[in-house]
$ cat run.cif   # mmCIF, N, CA, C and O atoms
data_run
loop_
_atom_site.label_atom_id
_atom_site.label_comp_id
_atom_site.auth_asym_id
_atom_site.auth_seq_id
_atom_site.Cartn_x
_atom_site.Cartn_y
_atom_site.Cartn_z
N MET A 433 46.62 -20.22 -31.24
CA MET A 433 45.78 -19.36 -30.42
C MET A 433 44.34 -19.31 -30.95
O MET A 433 43.40 -19.19 -30.19
N ASP A 434 44.17 -19.38 -32.27
CA ASP A 434 42.82 -19.35 -32.84
C ASP A 434 42.03 -20.60 -32.50
O ASP A 434 40.83 -20.54 -32.31
N LYS A 435 42.73 -21.75 -32.44
CA LYS A 435 42.04 -22.98 -32.09
C LYS A 435 41.52 -22.93 -30.66
O LYS A 435 40.44 -23.42 -30.37
N LYS A 436 42.30 -22.30 -29.80
CA LYS A 436 41.90 -22.19 -28.40
C LYS A 436 40.65 -21.33 -28.27
O LYS A 436 39.71 -21.67 -27.54
N ASN A 437 40.62 -20.21 -28.98
CA ASN A 437 39.44 -19.33 -28.94
C ASN A 437 38.22 -19.99 -29.57
O ASN A 437 37.11 -19.84 -29.08
N ALA A 438 38.43 -20.72 -30.67
CA ALA A 438 37.32 -21.42 -31.32
C ALA A 438 36.77 -22.50 -30.41
O ALA A 438 35.55 -22.69 -30.32
N LEU A 439 37.65 -23.21 -29.73
CA LEU A 439 37.21 -24.25 -28.80
C LEU A 439 36.44 -23.65 -27.64
O LEU A 439 35.40 -24.17 -27.22
N ARG A 440 36.92 -22.54 -27.14
CA ARG A 440 36.24 -21.86 -26.04
C ARG A 440 34.86 -21.36 -26.48
O ARG A 440 33.87 -21.52 -25.75
N ALA A 441 34.78 -20.78 -27.67
CA ALA A 441 33.50 -20.29 -28.17
C ALA A 441 32.53 -21.44 -28.42
O ALA A 441 31.34 -21.34 -28.12
N GLY A 442 33.04 -22.55 -28.94
CA GLY A 442 32.19 -23.71 -29.17
C GLY A 442 31.67 -24.30 -27.88
O GLY A 442 30.51 -24.69 -27.77
N ALA A 443 32.54 -24.37 -26.87
CA ALA A 443 32.12 -24.90 -25.57
C ALA A 443 31.08 -23.98 -24.93
O ALA A 443 30.10 -24.45 -24.33
N LEU A 444 31.26 -22.69 -25.06
CA LEU A 444 30.30 -21.74 -24.51
C LEU A 444 28.95 -21.85 -25.22
O LEU A 444 27.90 -21.86 -24.57
N ALA A 445 28.98 -21.96 -26.54
CA ALA A 445 27.73 -22.09 -27.30
C ALA A 445 27.02 -23.40 -26.96
O ALA A 445 25.80 -23.43 -26.77
N ALA A 446 27.78 -24.49 -26.85
CA ALA A 446 27.18 -25.78 -26.51
C ALA A 446 26.60 -25.75 -25.10
O ALA A 446 25.50 -26.25 -24.85
N GLY A 447 27.32 -25.17 -24.17
CA GLY A 447 26.83 -25.07 -22.79
C GLY A 447 25.58 -24.22 -22.69
O GLY A 447 24.63 -24.56 -21.99
N THR A 448 25.58 -23.11 -23.40
CA THR A 448 24.41 -22.23 -23.38
C THR A 448 23.20 -22.93 -23.99
O THR A 448 22.09 -22.85 -23.45
N THR A 449 23.41 -23.62 -25.11
CA THR A 449 22.32 -24.35 -25.75
C THR A 449 21.78 -25.44 -24.84
O THR A 449 20.56 -25.61 -24.71
N LEU A 450 22.67 -26.17 -24.20
CA LEU A 450 22.25 -27.23 -23.28
C LEU A 450 21.45 -26.67 -22.11
O LEU A 450 20.41 -27.21 -21.74
N MET A 451 21.90 -25.56 -21.55
CA MET A 451 21.18 -24.95 -20.43
C MET A 451 19.81 -24.44 -20.87
O MET A 451 18.83 -24.57 -20.13
N MET A 452 19.74 -23.87 -22.08
CA MET A 452 18.45 -23.39 -22.57
C MET A 452 17.49 -24.56 -22.77
O MET A 452 16.30 -24.45 -22.46
N LEU A 453 17.98 -25.68 -23.28
CA LEU A 453 17.12 -26.84 -23.47
C LEU A 453 16.67 -27.41 -22.14
O LEU A 453 15.51 -27.83 -22.00
N LEU A 454 17.55 -27.44 -21.18
CA LEU A 454 17.17 -27.98 -19.87
C LEU A 454 16.17 -27.06 -19.15
O LEU A 454 15.27 -27.54 -18.48
N MET A 455 16.33 -25.76 -19.31
CA MET A 455 15.45 -24.83 -18.62
C MET A 455 14.08 -24.73 -19.31
O MET A 455 13.10 -24.36 -18.68
N SER A 456 14.01 -25.04 -20.61
CA SER A 456 12.75 -24.91 -21.32
C SER A 456 11.92 -26.18 -21.29
O SER A 456 10.86 -26.22 -21.88
N SER A 457 12.38 -27.20 -20.63
CA SER A 457 11.63 -28.46 -20.61
C SER A 457 10.24 -28.33 -19.99
O SER A 457 9.32 -28.98 -20.44
N PRO A 458 10.02 -27.49 -18.98
CA PRO A 458 8.65 -27.36 -18.46
C PRO A 458 7.68 -26.77 -19.48
O PRO A 458 6.48 -27.00 -19.40
N ALA A 459 8.18 -26.03 -20.46
CA ALA A 459 7.30 -25.46 -21.47
C ALA A 459 6.73 -26.55 -22.38
O ALA A 459 5.72 -26.35 -23.03
N LEU A 460 7.37 -27.69 -22.41
CA LEU A 460 6.91 -28.77 -23.27
C LEU A 460 6.02 -29.76 -22.51
O LEU A 460 5.66 -30.80 -23.05
N ALA A 461 5.70 -29.46 -21.27
CA ALA A 461 4.92 -30.39 -20.45
C ALA A 461 3.49 -30.49 -20.96
O ALA A 461 2.90 -29.52 -21.43
N LEU A 462 2.93 -31.68 -20.87
CA LEU A 462 1.56 -31.89 -21.32
C LEU A 462 0.57 -31.79 -20.17
O LEU A 462 -0.63 -31.64 -20.39
N ALA A 463 1.06 -31.91 -18.94
CA ALA A 463 0.16 -31.85 -17.78
C ALA A 463 -0.21 -30.41 -17.48
O ALA A 463 0.63 -29.51 -17.58
N ARG A 464 -1.45 -30.16 -17.13
CA ARG A 464 -1.92 -28.81 -16.81
C ARG A 464 -1.56 -28.47 -15.37
O ARG A 464 -1.60 -29.31 -14.48
N ASP A 465 -1.22 -27.23 -15.14
CA ASP A 465 -0.90 -26.75 -13.80
C ASP A 465 -2.16 -26.26 -13.12
O ASP A 465 -3.16 -25.94 -13.76
N ASP A 466 -2.10 -26.17 -11.78
CA ASP A 466 -3.22 -25.60 -11.03
C ASP A 466 -3.37 -24.13 -11.39
O ASP A 466 -2.41 -23.37 -11.44
N GLY A 467 -4.59 -23.70 -11.64
CA GLY A 467 -4.86 -22.31 -11.99
C GLY A 467 -4.66 -22.02 -13.46
O GLY A 467 -4.81 -20.89 -13.89
N ASP A 468 -4.32 -23.04 -14.21
CA ASP A 468 -4.12 -22.86 -15.64
C ASP A 468 -5.48 -22.75 -16.32
O ASP A 468 -6.32 -23.64 -16.21
N ASP A 469 -5.72 -21.65 -17.01
CA ASP A 469 -7.01 -21.45 -17.66
C ASP A 469 -6.78 -20.86 -19.05
O ASP A 469 -6.97 -19.66 -19.29
N PRO A 470 -6.36 -21.68 -20.01
CA PRO A 470 -6.09 -21.15 -21.34
C PRO A 470 -7.38 -20.77 -22.06
O PRO A 470 -8.42 -21.39 -21.87
N GLY A 471 -7.30 -19.76 -22.86
CA GLY A 471 -8.45 -19.32 -23.64
C GLY A 471 -8.57 -20.13 -24.91
O GLY A 471 -7.81 -21.07 -25.15
N PRO A 472 -9.53 -19.76 -25.75
CA PRO A 472 -9.68 -20.48 -27.02
C PRO A 472 -8.48 -20.19 -27.92
O PRO A 472 -7.88 -19.12 -27.87
N GLY A 473 -8.14 -21.15 -28.75
CA GLY A 473 -6.99 -21.00 -29.64
C GLY A 473 -7.26 -20.01 -30.76
O GLY A 473 -8.40 -19.67 -31.06
N LEU A 474 -6.20 -19.57 -31.39
CA LEU A 474 -6.30 -18.64 -32.51
C LEU A 474 -6.30 -19.43 -33.82
O LEU A 474 -5.63 -20.46 -33.94
N SER A 475 -7.02 -18.91 -34.80
CA SER A 475 -6.97 -19.53 -36.12
C SER A 475 -5.68 -19.10 -36.82
O SER A 475 -4.95 -18.22 -36.34
N VAL A 476 -5.42 -19.69 -37.97
CA VAL A 476 -4.21 -19.34 -38.72
C VAL A 476 -4.25 -17.89 -39.16
O VAL A 476 -3.26 -17.16 -39.06
N ILE A 477 -5.40 -17.43 -39.61
CA ILE A 477 -5.54 -16.04 -40.07
C ILE A 477 -5.33 -15.07 -38.90
O ILE A 477 -4.65 -14.06 -39.04
N GLN A 478 -5.91 -15.39 -37.74
CA GLN A 478 -5.73 -14.54 -36.56
C GLN A 478 -4.27 -14.51 -36.13
O GLN A 478 -3.74 -13.46 -35.77
N THR A 479 -3.61 -15.66 -36.17
CA THR A 479 -2.20 -15.72 -35.77
C THR A 479 -1.33 -14.91 -36.72
O THR A 479 -0.48 -14.13 -36.27
N LEU A 480 -1.55 -15.08 -38.03
CA LEU A 480 -0.77 -14.31 -39.00
C LEU A 480 -1.05 -12.81 -38.86
O LEU A 480 -0.13 -11.99 -38.94
N GLY A 481 -2.30 -12.46 -38.66
CA GLY A 481 -2.63 -11.05 -38.50
C GLY A 481 -1.99 -10.44 -37.28
O GLY A 481 -1.48 -9.32 -37.32
N LEU A 482 -1.99 -11.17 -36.18
CA LEU A 482 -1.47 -10.65 -34.92
C LEU A 482 0.05 -10.59 -34.89
O LEU A 482 0.63 -9.62 -34.40
N TYR A 483 0.71 -11.61 -35.43
CA TYR A 483 2.17 -11.70 -35.29
C TYR A 483 2.94 -11.34 -36.55
O TYR A 483 4.17 -11.23 -36.49
N VAL A 484 2.27 -11.15 -37.69
CA VAL A 484 2.98 -10.79 -38.92
C VAL A 484 2.46 -9.46 -39.47
O VAL A 484 3.20 -8.50 -39.60
N PHE A 485 1.16 -9.43 -39.80
CA PHE A 485 0.62 -8.25 -40.50
C PHE A 485 0.54 -7.01 -39.60
O PHE A 485 0.84 -5.91 -40.06
N LEU A 486 0.15 -7.17 -38.36
CA LEU A 486 0.06 -6.03 -37.46
C LEU A 486 1.42 -5.38 -37.21
O LEU A 486 1.54 -4.14 -37.31
N PRO A 487 2.50 -6.13 -36.91
CA PRO A 487 3.80 -5.48 -36.75
C PRO A 487 4.31 -4.82 -38.03
O PRO A 487 4.89 -3.73 -37.97
N VAL A 488 4.08 -5.44 -39.18
CA VAL A 488 4.51 -4.82 -40.44
C VAL A 488 3.74 -3.53 -40.68
O VAL A 488 4.32 -2.52 -41.08
N ALA A 489 2.44 -3.55 -40.42
CA ALA A 489 1.63 -2.34 -40.60
C ALA A 489 2.08 -1.23 -39.64
O ALA A 489 2.17 -0.06 -40.03
N LEU A 490 2.36 -1.59 -38.40
CA LEU A 490 2.86 -0.60 -37.44
C LEU A 490 4.19 -0.01 -37.90
O LEU A 490 4.42 1.20 -37.79
N PHE A 491 5.07 -0.86 -38.40
CA PHE A 491 6.36 -0.37 -38.90
C PHE A 491 6.16 0.60 -40.05
O PHE A 491 6.80 1.66 -40.10
N VAL A 492 5.28 0.27 -40.98
CA VAL A 492 5.03 1.14 -42.14
C VAL A 492 4.44 2.47 -41.69
O VAL A 492 4.84 3.54 -42.18
N VAL A 493 3.51 2.44 -40.75
CA VAL A 493 2.89 3.69 -40.26
C VAL A 493 3.93 4.56 -39.56
O VAL A 493 4.02 5.77 -39.82
N ILE A 494 4.74 3.97 -38.70
CA ILE A 494 5.75 4.75 -37.98
C ILE A 494 6.79 5.31 -38.95
O ILE A 494 7.18 6.49 -38.87
N ALA A 495 7.25 4.49 -39.91
CA ALA A 495 8.23 4.97 -40.88
C ALA A 495 7.63 6.08 -41.75
O ALA A 495 8.30 7.07 -42.05
N GLY A 496 6.36 5.93 -42.13
CA GLY A 496 5.71 6.97 -42.92
C GLY A 496 5.58 8.28 -42.16
O GLY A 496 5.81 9.35 -42.71
N LEU A 497 5.22 8.19 -40.87
CA LEU A 497 5.12 9.41 -40.07
C LEU A 497 6.48 10.07 -39.89
O LEU A 497 6.59 11.30 -39.93
N VAL A 498 7.51 9.29 -39.70
CA VAL A 498 8.85 9.86 -39.54
C VAL A 498 9.27 10.56 -40.83
O VAL A 498 9.81 11.67 -40.79
N MET A 499 9.02 9.93 -41.98
CA MET A 499 9.42 10.55 -43.24
C MET A 499 8.56 11.78 -43.55
O MET A 499 9.06 12.77 -44.07
N ALA A 500 7.27 11.72 -43.22
CA ALA A 500 6.38 12.85 -43.52
C ALA A 500 6.66 14.05 -42.62
O ALA A 500 6.55 15.19 -43.05
N LEU A 501 7.01 13.79 -41.38
CA LEU A 501 7.22 14.88 -40.43
C LEU A 501 8.68 15.26 -40.27
O LEU A 501 9.03 15.99 -39.34
N ASP A 502 9.52 14.78 -41.17
CA ASP A 502 10.95 15.09 -41.09
C ASP A 502 11.17 16.56 -41.40
O ASP A 502 10.79 17.05 -42.46
N ARG A 503 11.75 17.26 -40.49
CA ARG A 503 11.96 18.70 -40.67
C ARG A 503 13.39 19.04 -41.05
O ARG A 503 13.73 20.20 -41.18
N SER A 504 14.25 18.07 -41.17
CA SER A 504 15.62 18.36 -41.56
C SER A 504 15.70 18.41 -43.07
O SER A 504 15.60 17.41 -43.77
N HIS A 505 15.82 19.60 -43.59
CA HIS A 505 15.90 19.79 -45.03
C HIS A 505 17.37 19.83 -45.42
O HIS A 505 18.23 20.23 -44.64
N ARG A 506 17.62 19.45 -46.64
CA ARG A 506 19.00 19.52 -47.10
C ARG A 506 19.42 20.99 -47.15
O ARG A 506 18.76 21.83 -47.75
N LYS A 507 20.53 21.24 -46.53
CA LYS A 507 21.04 22.61 -46.58
C LYS A 507 21.74 22.82 -47.90
O LYS A 507 22.60 22.04 -48.29
N LYS A 508 21.34 23.87 -48.59
CA LYS A 508 21.97 24.16 -49.86
C LYS A 508 23.28 24.88 -49.59
O LYS A 508 23.32 25.89 -48.88
N ASP A 509 24.33 24.33 -50.15
CA ASP A 509 25.66 24.91 -49.94
C ASP A 509 25.87 26.01 -50.98
O ASP A 509 26.24 25.73 -52.12
N ASP A 510 25.61 27.25 -50.58
CA ASP A 510 25.69 28.36 -51.52
C ASP A 510 27.10 28.65 -51.96
O ASP A 510 27.32 29.22 -53.02
N THR A 511 28.08 28.27 -51.16
CA THR A 511 29.46 28.63 -51.52
C THR A 511 30.01 27.77 -52.63
O THR A 511 30.81 28.24 -53.43
N SER A 512 29.59 26.52 -52.72
CA SER A 512 30.16 25.66 -53.76
C SER A 512 29.17 25.35 -54.88
O SER A 512 29.56 24.83 -55.90
N SER A 513 27.90 25.68 -54.70
CA SER A 513 26.92 25.31 -55.72
C SER A 513 26.95 26.25 -56.91
O SER A 513 26.46 25.90 -57.97
N ASN A 514 27.55 27.43 -56.76
CA ASN A 514 27.59 28.37 -57.88
C ASN A 514 28.93 28.36 -58.60
O ASN A 514 29.19 29.21 -59.43
N ILE A 515 29.78 27.41 -58.30
CA ILE A 515 31.08 27.33 -58.96
C ILE A 515 30.95 26.42 -60.16
O ILE A 515 30.48 25.29 -60.06
N ASN A 516 31.38 26.90 -61.33
CA ASN A 516 31.35 26.12 -62.55
C ASN A 516 32.76 25.63 -62.82
O ASN A 516 33.67 26.42 -63.09
N VAL A 517 32.94 24.33 -62.77
CA VAL A 517 34.27 23.76 -62.96
C VAL A 517 34.32 23.09 -64.31
O VAL A 517 33.55 22.18 -64.60
N ARG A 518 35.23 23.57 -65.14
CA ARG A 518 35.43 22.98 -66.46
C ARG A 518 36.89 22.59 -66.59
O ARG A 518 37.77 23.32 -66.11
N PRO A 519 37.17 21.52 -67.27
CA PRO A 519 38.57 21.14 -67.46
C PRO A 519 39.29 22.18 -68.32
O PRO A 519 38.74 22.67 -69.32
N GLY A 520 40.47 22.53 -67.93
CA GLY A 520 41.27 23.47 -68.71
C GLY A 520 40.89 24.92 -68.50
O GLY A 520 41.36 25.80 -69.22
N ALA A 521 40.07 25.23 -67.52
CA ALA A 521 39.67 26.62 -67.27
C ALA A 521 40.81 27.35 -66.58
O ALA A 521 41.51 26.79 -65.75
N ASP A 522 40.98 28.59 -66.95
CA ASP A 522 42.03 29.40 -66.32
C ASP A 522 41.53 29.90 -64.97
O ASP A 522 40.41 30.35 -64.84
N VAL A 523 42.41 29.81 -64.00
CA VAL A 523 42.07 30.27 -62.66
C VAL A 523 42.71 31.62 -62.46
O VAL A 523 43.92 31.79 -62.59
N LYS A 524 41.89 32.61 -62.14
CA LYS A 524 42.39 33.95 -61.87
C LYS A 524 42.47 34.16 -60.38
O LYS A 524 41.51 33.92 -59.65
N ALA A 525 43.63 34.60 -59.93
CA ALA A 525 43.80 34.79 -58.49
C ALA A 525 43.70 36.23 -58.10
O ALA A 525 43.73 37.13 -58.78
#
$ encode --input "run.cif" --output "structure tokens"
Amino acid sequence: MDKKNALRAGALAAGTTLMMLLMSSPALALARDDGDDPGPGLSVIQTLGLYVFLPVALFVVIAGLVMALDRSHRKKDDTSSNINVRPGADVKA
């Protein structure tokens, strides 16, 4: 039964990959389309800043704001925090 499921999963993955490759072929075209007006290219620094550093900075800012504005404080458990437990202590009922 495991071989059947593995074969099915492999066939599905291969089919999906093949369909993705076939559908993405126009993205690799070298001919320009009508109305195509690309802007100037980005430098390496601009690309890294836009797609790496900016998202990391946004993540750090959002995480910092969440941690700074967190209003859920640890509730102190008054019922168990004042109990002193020692081995061999006598328990009085």
$ atom_distance --input "run.cif" --atom1 "atom C of A:Leu490" --atom2 "atom CA of A:Ser504"
21.9 Å
$ atom_distance --input "run.cif" --atom1 "atom CA of A:Thr448" --atom2 "atom CA of A:Val484"
28.8 Å
$ atom_distance --input "run.cif" --atom1 "atom CA of A:Asp469" --atom2 "atom C of A:Leu454"
23.9 Å
